[in-house]
>>> print(open('structure05.txt').read())   # compact mmCIF, C-alpha atoms and all ligand atoms
# COMPACT_ATOMS: atom_id res chain seq x y z
CA GLU A 1 66.43 123.90 123.55
CA ALA A 2 70.05 123.01 124.39
CA VAL A 3 68.96 119.74 126.04
CA ARG A 4 66.71 118.87 123.12
CA SER A 5 69.56 119.58 120.71
CA SER A 6 72.05 117.38 122.57
CA VAL A 7 69.56 114.50 122.81
CA ARG A 8 68.98 114.79 119.10
CA SER A 9 72.73 114.86 118.42
CA GLY A 10 73.17 111.80 120.62
CA ILE A 11 70.73 109.95 118.36
CA ILE A 12 72.70 110.86 115.25
CA LEU A 13 76.05 110.12 116.88
CA PHE A 14 75.22 107.06 118.91
CA ASP A 15 78.83 106.01 119.52
CA ILE A 16 82.47 106.98 119.05
CA THR A 17 82.67 104.98 115.80
CA ARG A 18 80.01 107.23 114.26
CA VAL A 19 82.02 110.29 115.29
CA VAL A 20 85.18 108.87 113.71
CA GLU A 21 83.25 107.95 110.57
CA GLU A 22 81.80 111.43 110.13
CA LEU A 23 85.23 113.06 110.60
CA VAL A 24 86.90 110.67 108.16
CA PHE A 25 84.13 111.33 105.62
CA ASN A 26 84.84 115.06 105.94
CA SER A 27 88.56 114.44 105.33
CA LEU A 28 87.77 112.39 102.21
CA ASP A 29 85.32 115.04 100.97
CA ALA A 30 88.21 117.51 101.31
CA GLY A 31 90.33 115.32 99.02
CA ALA A 32 92.73 114.03 101.68
CA THR A 33 95.35 111.45 100.67
CA LYS A 34 96.44 110.77 104.25
CA VAL A 35 94.09 110.44 107.23
CA SER A 36 95.30 109.62 110.76
CA ILE A 37 92.82 108.78 113.49
CA TYR A 38 93.63 108.81 117.22
CA VAL A 39 91.08 107.36 119.61
CA GLY A 40 91.09 107.30 123.41
CA VAL A 41 88.13 105.39 124.83
CA GLY A 42 88.87 106.07 128.52
CA THR A 43 89.46 109.76 127.89
CA CYS A 44 86.55 110.05 125.39
CA TYR A 45 88.88 111.54 122.83
CA VAL A 46 89.08 111.50 119.03
CA LYS A 47 91.51 113.33 116.77
CA VAL A 48 91.48 113.15 112.98
CA VAL A 49 94.36 114.68 111.06
CA ASP A 50 94.17 115.11 107.29
CA ASP A 51 96.07 116.67 104.42
CA GLY A 52 92.91 117.75 102.57
CA SER A 53 92.09 121.16 101.13
CA GLY A 54 91.66 122.82 104.54
CA ILE A 55 89.00 125.39 105.47
CA THR A 56 89.10 129.11 104.67
CA ARG A 57 88.38 131.67 107.36
CA ASP A 58 84.94 132.38 105.85
CA GLY A 59 84.08 128.69 105.96
CA LEU A 60 85.39 128.39 109.48
CA VAL A 61 83.13 131.22 110.69
CA LEU A 62 80.06 129.19 109.68
CA LEU A 63 81.46 125.81 110.64
CA GLY A 64 79.64 124.11 113.49
CA GLU A 65 76.36 125.90 112.86
CA ARG A 66 73.64 123.39 112.16
CA TYR A 67 72.99 122.92 108.44
CA ALA A 68 76.16 124.82 107.49
CA THR A 69 77.71 122.88 104.61
CA SER A 70 79.95 123.78 101.69
CA LYS A 71 78.77 120.74 99.74
CA PHE A 72 75.17 121.43 98.87
CA HIS A 73 73.97 124.81 97.70
CA GLN A 74 70.61 124.18 96.07
CA LEU A 75 68.36 121.27 95.23
CA ALA A 76 69.76 121.06 91.71
CA ASP A 77 73.09 120.15 93.30
CA MET A 78 71.67 116.93 94.72
CA ASP A 79 73.30 114.72 92.11
CA ALA A 80 76.49 116.74 92.07
CA ALA A 81 76.68 116.28 95.82
CA SER A 82 76.52 112.49 95.41
CA GLY A 83 80.30 112.62 94.98
CA CYS A 84 80.50 113.73 98.63
CA PHE A 85 79.59 111.97 101.86
CA GLY A 86 78.37 115.17 103.47
CA PHE A 87 75.37 117.16 102.35
CA ARG A 88 73.44 118.25 105.43
CA GLY A 89 75.92 120.14 107.57
CA GLU A 90 74.91 118.14 110.64
CA ALA A 91 77.97 116.23 111.76
CA LEU A 92 80.14 118.95 113.29
CA ALA A 93 77.17 120.74 114.83
CA SER A 94 76.06 117.47 116.41
CA ILE A 95 79.57 116.59 117.62
CA SER A 96 79.90 120.04 119.22
CA ASP A 97 76.63 119.36 121.05
CA VAL A 98 78.09 116.37 122.88
CA SER A 99 81.77 117.35 123.27
CA LEU A 100 84.34 120.14 123.14
CA LEU A 101 85.32 120.46 119.48
CA GLU A 102 88.49 122.06 118.15
CA ILE A 103 89.35 122.60 114.48
CA VAL A 104 92.81 123.69 113.40
CA THR A 105 93.11 124.22 109.68
CA LYS A 106 94.95 125.90 106.85
CA ALA A 107 93.36 126.23 103.43
CA TYR A 108 95.29 125.68 100.25
CA GLY A 109 96.83 128.94 98.93
CA ARG A 110 96.01 130.97 102.09
CA PRO A 111 98.69 132.63 104.20
CA ASN A 112 97.24 131.90 107.65
CA GLY A 113 96.07 128.91 109.57
CA TYR A 114 93.15 129.19 112.02
CA ARG A 115 91.85 127.55 115.14
CA LYS A 116 88.22 127.39 116.19
CA VAL A 117 86.78 125.91 119.37
CA ILE A 118 83.07 125.12 119.58
CA LYS A 119 80.81 123.80 122.29
CA GLY A 120 77.07 123.31 122.00
CA CYS A 121 77.07 124.81 118.47
CA LYS A 122 78.55 128.00 119.98
CA CYS A 123 81.93 129.36 119.00
CA LEU A 124 84.25 129.86 122.00
CA TYR A 125 87.30 131.02 119.97
CA LEU A 126 88.20 131.73 116.39
CA GLU A 127 91.76 132.93 116.02
CA ILE A 128 94.76 132.89 113.72
CA ASP A 129 97.04 129.96 114.50
CA ASP A 130 100.61 130.96 113.60
CA ASP A 131 101.90 127.47 114.30
CA ARG A 132 99.77 125.92 111.58
CA LYS A 133 102.03 125.65 108.55
CA ASN A 134 100.75 122.72 106.49
CA VAL A 135 97.57 122.63 104.43
CA GLY A 136 94.86 120.39 105.85
CA THR A 137 92.67 120.04 108.89
CA THR A 138 92.96 118.58 112.38
CA VAL A 139 89.70 118.03 114.24
CA THR A 140 89.93 117.17 117.93
CA VAL A 141 86.96 115.98 119.96
CA ARG A 142 87.42 116.12 123.73
CA ASP A 143 85.14 114.97 126.51
CA LEU A 144 82.82 113.14 124.14
CA PHE A 145 79.35 112.48 125.62
CA TYR A 146 80.13 114.65 128.66
CA ASN A 147 76.42 115.43 128.84
CA GLN A 148 75.29 111.83 128.16
CA PRO A 149 76.70 109.99 131.19
CA VAL A 150 75.06 106.62 130.55
CA ARG A 151 76.35 106.46 127.02
CA ARG A 152 79.78 107.53 128.15
CA LYS A 153 79.93 104.85 130.83
CA TYR A 154 78.70 102.22 128.39
CA MET A 155 81.43 103.19 125.92
CA GLN A 156 84.15 103.15 128.57
CA SER A 157 83.09 99.74 129.85
CA SER A 158 84.38 97.92 126.77
CA PRO A 159 87.40 99.74 125.31
CA LYS A 160 88.59 96.74 123.29
CA LYS A 161 85.23 96.36 121.60
CA VAL A 162 85.06 100.08 120.83
CA LEU A 163 88.57 100.15 119.33
CA HIS A 164 87.80 97.08 117.23
CA SER A 165 84.65 98.73 115.95
CA VAL A 166 86.59 101.89 115.00
CA LYS A 167 89.22 99.81 113.22
CA LYS A 168 86.57 97.85 111.32
CA CYS A 169 84.83 101.07 110.30
CA VAL A 170 88.04 102.66 108.98
CA LEU A 171 89.04 99.47 107.19
CA ARG A 172 85.65 99.39 105.47
CA ILE A 173 86.26 102.92 104.24
CA ALA A 174 89.83 102.05 103.20
CA LEU A 175 88.52 99.20 101.03
CA VAL A 176 86.93 101.70 98.63
CA TYR A 177 89.47 104.46 99.19
CA SER A 178 92.47 102.26 98.57
CA GLN A 179 94.41 105.22 97.11
CA VAL A 180 94.35 106.93 100.55
CA SER A 181 96.63 106.06 103.50
CA PHE A 182 94.81 105.51 106.78
CA LYS A 183 96.19 105.07 110.28
CA VAL A 184 94.26 104.24 113.45
CA VAL A 185 96.06 104.67 116.77
CA ASP A 186 94.89 103.97 120.32
CA SER A 187 95.92 107.31 121.82
CA GLU A 188 96.09 105.85 125.34
CA SER A 189 98.44 102.92 124.72
CA GLY A 190 100.06 104.35 121.59
CA ASP A 191 99.30 101.07 119.76
CA GLU A 192 98.79 101.32 116.03
CA LEU A 193 95.61 99.38 115.23
CA LEU A 194 95.58 99.88 111.48
CA CYS A 195 97.98 101.31 108.95
CA THR A 196 97.16 101.16 105.24
CA HIS A 197 99.12 102.37 102.26
CA PRO A 198 97.74 102.84 98.76
CA SER A 199 97.29 99.26 97.55
CA SER A 200 94.74 96.84 96.16
CA PRO A 201 91.61 96.32 98.31
CA LEU A 202 92.34 92.60 98.39
CA SER A 203 95.73 93.07 100.01
CA LEU A 204 94.05 95.41 102.56
CA LEU A 205 91.80 92.55 103.61
CA THR A 206 94.84 90.38 104.16
CA SER A 207 96.75 93.03 106.13
CA GLY A 208 93.73 94.34 108.04
CA PHE A 209 91.78 91.18 108.82
CA GLY A 210 94.20 88.40 107.99
CA ILE A 211 91.83 87.14 105.28
CA GLU A 212 93.46 85.42 102.34
CA VAL A 213 91.39 85.88 99.23
CA SER A 214 92.38 83.18 96.82
CA ASP A 215 89.14 81.39 95.87
CA SER A 216 88.43 82.39 92.26
CA VAL A 217 88.23 86.17 92.65
CA HIS A 218 86.99 88.16 89.66
CA GLU A 219 87.50 91.86 89.14
CA LEU A 220 84.35 93.67 87.98
CA ASN A 221 84.05 96.84 85.96
CA ALA A 222 80.70 97.45 84.32
CA SER A 223 78.77 100.50 83.25
CA ASP A 224 75.53 101.21 81.38
CA GLY A 225 76.05 104.96 81.14
CA ILE A 226 74.02 105.71 84.28
CA LEU A 227 75.21 103.09 86.73
CA LYS A 228 78.77 102.03 87.23
CA LEU A 229 79.74 98.94 89.16
CA SER A 230 83.28 98.08 90.18
CA GLY A 231 84.98 95.78 92.62
CA PHE A 232 85.73 92.15 93.27
CA ILE A 233 83.58 89.05 93.67
CA SER A 234 84.48 85.44 94.40
CA GLY A 235 82.55 82.26 93.71
CA PRO A 236 80.72 80.70 96.67
CA CYS A 237 83.44 79.90 99.15
CA ASP A 238 83.36 78.32 102.57
CA GLY A 239 86.56 79.81 103.92
CA PHE A 240 85.11 83.13 105.06
CA GLY A 241 82.27 81.95 107.23
CA ILE A 242 78.73 82.78 106.31
CA LYS A 243 78.42 86.26 104.88
CA ALA A 244 81.46 87.33 106.88
CA PHE A 245 83.06 89.09 104.01
CA GLN A 246 80.50 90.96 101.95
CA TYR A 247 81.01 94.65 101.38
CA VAL A 248 78.54 96.67 99.32
CA TYR A 249 78.96 100.39 98.80
CA ILE A 250 76.69 102.87 97.08
CA ASN A 251 78.66 105.89 95.89
CA SER A 252 81.50 104.65 98.09
CA ARG A 253 79.30 104.62 101.22
CA PHE A 254 79.11 101.22 102.94
CA VAL A 255 75.63 99.73 103.26
CA CYS A 256 75.00 96.52 105.16
CA LYS A 257 71.42 95.73 104.23
CA GLY A 258 69.33 96.16 101.13
CA PRO A 259 68.15 94.57 97.92
CA ILE A 260 71.63 94.25 96.41
CA HIS A 261 72.75 91.87 99.15
CA LYS A 262 69.65 89.73 98.69
CA LEU A 263 70.10 89.60 94.95
CA LEU A 264 73.76 88.69 95.16
CA ASN A 265 73.13 85.80 97.51
CA GLN A 266 70.26 84.55 95.34
CA LEU A 267 72.54 84.66 92.31
CA ALA A 268 75.15 82.74 94.24
CA THR A 269 72.62 80.00 95.03
CA ARG A 270 71.81 79.79 91.37
CA PHE A 271 75.49 79.44 90.50
CA GLU A 272 75.73 76.59 92.98
CA CYS A 273 72.88 74.72 91.27
CA LEU A 274 74.58 75.07 87.91
CA ASP A 275 77.84 74.00 89.46
CA SER A 276 76.29 70.83 90.91
CA TRP A 277 74.53 70.07 87.65
CA ALA A 278 77.73 70.50 85.63
CA VAL A 279 79.68 68.02 87.67
CA ASN A 280 76.82 65.53 88.09
CA ASP A 281 78.07 63.26 85.36
CA GLY A 282 77.36 59.98 87.08
CA SER A 283 80.15 60.01 89.58
CA GLN A 284 78.16 60.99 92.66
CA ASN A 285 81.21 61.80 94.72
CA ARG A 286 82.03 64.79 92.50
CA LYS A 287 78.78 66.44 93.42
CA ARG A 288 79.53 69.06 96.05
CA SER A 289 77.13 70.51 98.52
CA ARG A 290 77.82 74.19 99.05
CA SER A 291 74.51 75.25 100.49
CA GLN A 292 76.27 77.07 103.34
CA ALA A 293 78.67 78.92 101.07
CA TYR A 294 78.24 82.54 100.06
CA PRO A 295 80.32 84.62 97.72
CA ALA A 296 82.77 87.14 99.09
CA TYR A 297 82.66 90.57 97.52
CA ILE A 298 83.62 94.23 97.63
CA LEU A 299 81.29 96.08 95.26
CA ASN A 300 80.91 99.79 94.73
CA LEU A 301 77.89 101.01 92.77
CA ILE A 302 78.16 104.56 91.50
CA CYS A 303 74.66 105.84 90.78
CA PRO A 304 72.60 109.07 90.76
CA ARG A 305 71.40 110.16 94.17
CA SER A 306 67.81 110.32 92.94
CA LEU A 307 67.71 106.51 92.53
CA TYR A 308 68.20 105.53 96.15
CA ASP A 309 67.65 106.54 99.74
CA PHE A 310 69.91 105.59 102.64
CA THR A 311 68.46 107.87 105.29
CA PHE A 312 65.94 105.41 106.79
CA GLU A 313 68.26 104.84 109.74
CA PRO A 314 70.63 107.28 111.49
CA SER A 315 73.52 104.90 110.75
CA LYS A 316 72.75 105.20 107.00
CA THR A 317 73.65 101.57 106.41
CA TYR A 318 70.28 100.46 104.97
CA VAL A 319 69.49 101.40 101.40
CA GLU A 320 66.37 101.18 99.24
CA PHE A 321 66.23 101.84 95.52
P1 LIG B 1 78.72 118.22 105.76
O1 LIG B 1 79.86 117.26 105.65
O2 LIG B 1 77.38 117.58 105.58
O3 LIG B 1 78.91 119.44 104.90
P2 LIG B 1 79.78 118.67 108.42
O4 LIG B 1 79.16 119.20 109.66
O5 LIG B 1 80.37 117.32 108.47
O6 LIG B 1 78.68 118.77 107.27
O7 LIG B 1 80.90 119.70 107.96
C1 LIG B 1 80.56 121.06 107.73
C2 LIG B 1 81.51 121.73 106.76
O8 LIG B 1 82.81 121.85 107.36
C3 LIG B 1 81.77 120.94 105.49
O9 LIG B 1 80.77 121.22 104.51
C4 LIG B 1 83.14 121.43 105.07
O10 LIG B 1 83.04 122.63 104.34
C5 LIG B 1 83.83 121.76 106.38
N1 LIG B 1 84.75 120.67 106.84
C6 LIG B 1 84.55 119.82 107.85
N2 LIG B 1 85.60 119.00 108.02
C7 LIG B 1 86.50 119.32 107.08
C8 LIG B 1 87.81 118.83 106.71
N3 LIG B 1 88.38 117.82 107.37
N4 LIG B 1 88.44 119.43 105.66
C9 LIG B 1 87.87 120.46 105.00
N5 LIG B 1 86.64 120.96 105.29
C10 LIG B 1 85.95 120.40 106.31
MG MG B 2 80.34 115.77 106.98
>>> encode(input="structure05.txt", output="structure tokens")
Amino acid sequence: EAVRSSVRSGIILFDITRVVEELVFNSLDAGATKVSIYVGVGTCYVKVVDDGSGITRDGLVLLGERYATSKFHQLADMDAASGCFGFRGEALASISDVSLLEIVTKAYGRPNGYRKVIKGCKCLYLEIDDDRKNVGTTVTVRDLFYNQPVRRKYMQSSPKKVLHSVKKCVLRIALVYSQVSFKVVDSESGDELLCTHPSSPLSLLTSGFGIEVSDSVHELNASDGILKLSGFISGPCDGFGIKAFQYVYINSRFVCKGPIHKLLNQLATRFECLDSWAVNDGSQNRKRSRSQAYPAYILNLICPRSLYDFTFEPSKTYVEF
């Protein structure tokens, strides 16, 4: 059963980026305003420190058991839970299946902090931590994939690639959580890979990726009472490379494939036709060909959970409506 469970967990958490993502999601679900992420590829190490609401002792007792979640109590809560990333109580149980997991936390308004260590969904310690003074949670993952040697070796063979992937993942989250400060540090070299402060998503793109967004960017804010769309979109622009800069989020969760992307690019093609037609006033040289150009966008669609499904793939980056 233990082997089956760790294989299953390895499918959910196929790399270190997924582990970081799940931990950051938990910090955001806990209302954190500051999230610091430390990653060591060679040492198979991840630490996420947040200033969120923390976990009470009662919560900590259950934490790490599969399907233990504080975010989803009954089916009727499904839509209420759409404000959270978590809903299944799988992440920490799965992480503890493939690593040694430590949680140090202090809940808001509680006198004591606590420390819990879990391995293979089993609690090794749960004790009061007198040193823990500030509210929030620190989750440390050690020896990641200790029982999945091939995966571990694969990860360690390309540390630069892994760190870049973690940075990209956190930046993608920061683009819709621009009110939160994020930091990503390579715990082995001490290098800071990303450091964001509350600011506009557009300036994050410039500081994080060196992308200058100047080509006719429009801010969007639309709502029909059920759906709410917000973000930024540019006209078709060549500067970003094909589709290099298209971020779609559903309830603040990044999705990389789905009908919205298709629709947006079709709309962009239509804009191009109109554009060409408008300037085709006899002077042929004014007619531009922009067939290779796509719009750049960061769009977040807030919508009821019952209208879409993103659980087709373990990575949850494909959505159907
Ligand atoms: P889920 O997020 O689906 O509930 P997880 O396994 O990711 O499942 O987390 C289990 C529970 O642990 C959460 O429901 C939450 O109560 C608690 N938790 C985990 N991480 C944090 C954190 N950083 N801050 C506060 N609570 C947390
Ligand atoms: Mg979670």
>>> closest_atom_pairs(input="structure05.txt", of="chain A", to="ligand MG 2 (chain B)", cutoff="7 Å", atoms="only C-alpha atoms and all ligand atoms", output="tab-separated table")
residue	atom	partner	partner_atom	distance
A:Glu22	CA	B:MG2	MG	5.6
A:Leu23	CA	B:MG2	MG	6.7
A:Phe25	CA	B:MG2	MG	6.0
A:Asn26	CA	B:MG2	MG	4.7
A:Phe85	CA	B:MG2	MG	6.4
A:Gly86	CA	B:MG2	MG	4.1
A:Phe87	CA	B:MG2	MG	6.9
A:Gly89	CA	B:MG2	MG	6.2
A:Glu90	CA	B:MG2	MG	7.0
A:Ala91	CA	B:MG2	MG	5.4
>>> residues_near_ligand(input="structure05.txt", ligand="ligand LIG 1 (chain B)", cutoff="9 Å", atoms="all atoms listed in the file", output="number ranges by chain")
A: 22-32, 48-56, 59-60, 62-72, 84-95, 103, 105, 107, 136-139
>>> closest_residue(input="structure05.txt", among="A:Val98, A:Val319, A:Leu193, A:Cys303", to="Arg142 in chain A", atoms="all atoms listed in the file")
A:Val98
>>> residues_around(input="structure05.txt", residues="Lys183 in chain A", least_positions_apart="5", cutoff="9 Å", atoms="all atoms listed in the file", output="VMD selection string")
chain A and resid 34 to 38 170 192 to 197
>>> atom_distance(input="structure05.txt", atom1="CA of Glu127 in chain A", atom2="CA of Gly113 in chain A")
8.7 Å
>>> closest_residue(input="structure05.txt", among="A:Asn221, A:Leu13, A:Tyr308, A:Leu227", to="Pro259 in chain A", atoms="only C-alpha atoms")
A:Tyr308
>>> atom_distance(input="structure05.txt", atom1="CA of Lys116 in chain A", atom2="CA of Ser181 in chain A")
26.2 Å
>>> residues_around(input="structure05.txt", residues="Gly258 in chain A", least_positions_apart="5", cutoff="9 Å", atoms="all atoms listed in the file", output="ChimeraX atom specification")
/A:317-321
>>> atom_distance(input="structure05.txt", atom1="CA of Tyr114 in chain A", atom2="CA of Ile128 in chain A")
4.4 Å
>>> closest_residue(input="structure05.txt", among="A:Val248, A:Phe312, A:Cys169, A:Tyr297", to="Arg18 in chain A", atoms="all atoms listed in the file")
A:Cys169
>>> decode(input="structure05.txt", residues="range 297-318 of chain A", atoms="C-alpha atoms", output="mmCIF file, in the first residue's frame")
data_model
loop_
_atom_site.group_PDB
_atom_site.id
_atom_site.type_symbol
_atom_site.label_atom_id
_atom_site.label_comp_id
_atom_site.auth_asym_id
_atom_site.auth_seq_id
_atom_site.Cartn_x
_atom_site.Cartn_y
_atom_site.Cartn_z
ATOM 1 C CA TYR A 297 -2.571 39.292 -22.387
ATOM 2 C CA ILE A 298 -2.998 38.590 -18.692
ATOM 3 C CA LEU A 299 -6.658 37.715 -18.129
ATOM 4 C CA ASN A 300 -8.329 36.425 -15.017
ATOM 5 C CA LEU A 301 -11.853 35.037 -15.327
ATOM 6 C CA ILE A 302 -13.720 34.718 -12.052
ATOM 7 C CA CYS A 303 -16.538 32.216 -12.519
ATOM 8 C CA PRO A 304 -18.566 29.599 -10.597
ATOM 9 C CA ARG A 305 -16.809 26.288 -10.157
ATOM 10 C CA SER A 306 -19.762 24.428 -11.666
ATOM 11 C CA LEU A 307 -19.063 25.977 -15.097
ATOM 12 C CA TYR A 308 -15.648 24.483 -15.718
ATOM 13 C CA ASP A 309 -13.364 21.558 -15.046
ATOM 14 C CA PHE A 310 -9.585 21.744 -14.830
ATOM 15 C CA THR A 311 -8.904 18.286 -13.452
ATOM 16 C CA PHE A 312 -8.364 16.480 -16.777
ATOM 17 C CA GLU A 313 -4.607 16.538 -16.209
ATOM 18 C CA PRO A 314 -2.640 16.276 -12.943
ATOM 19 C CA SER A 315 -1.002 19.632 -13.742
ATOM 20 C CA LYS A 316 -4.487 21.249 -13.848
ATOM 21 C CA THR A 317 -3.444 23.557 -16.674
ATOM 22 C CA TYR A 318 -6.083 22.445 -19.207
#
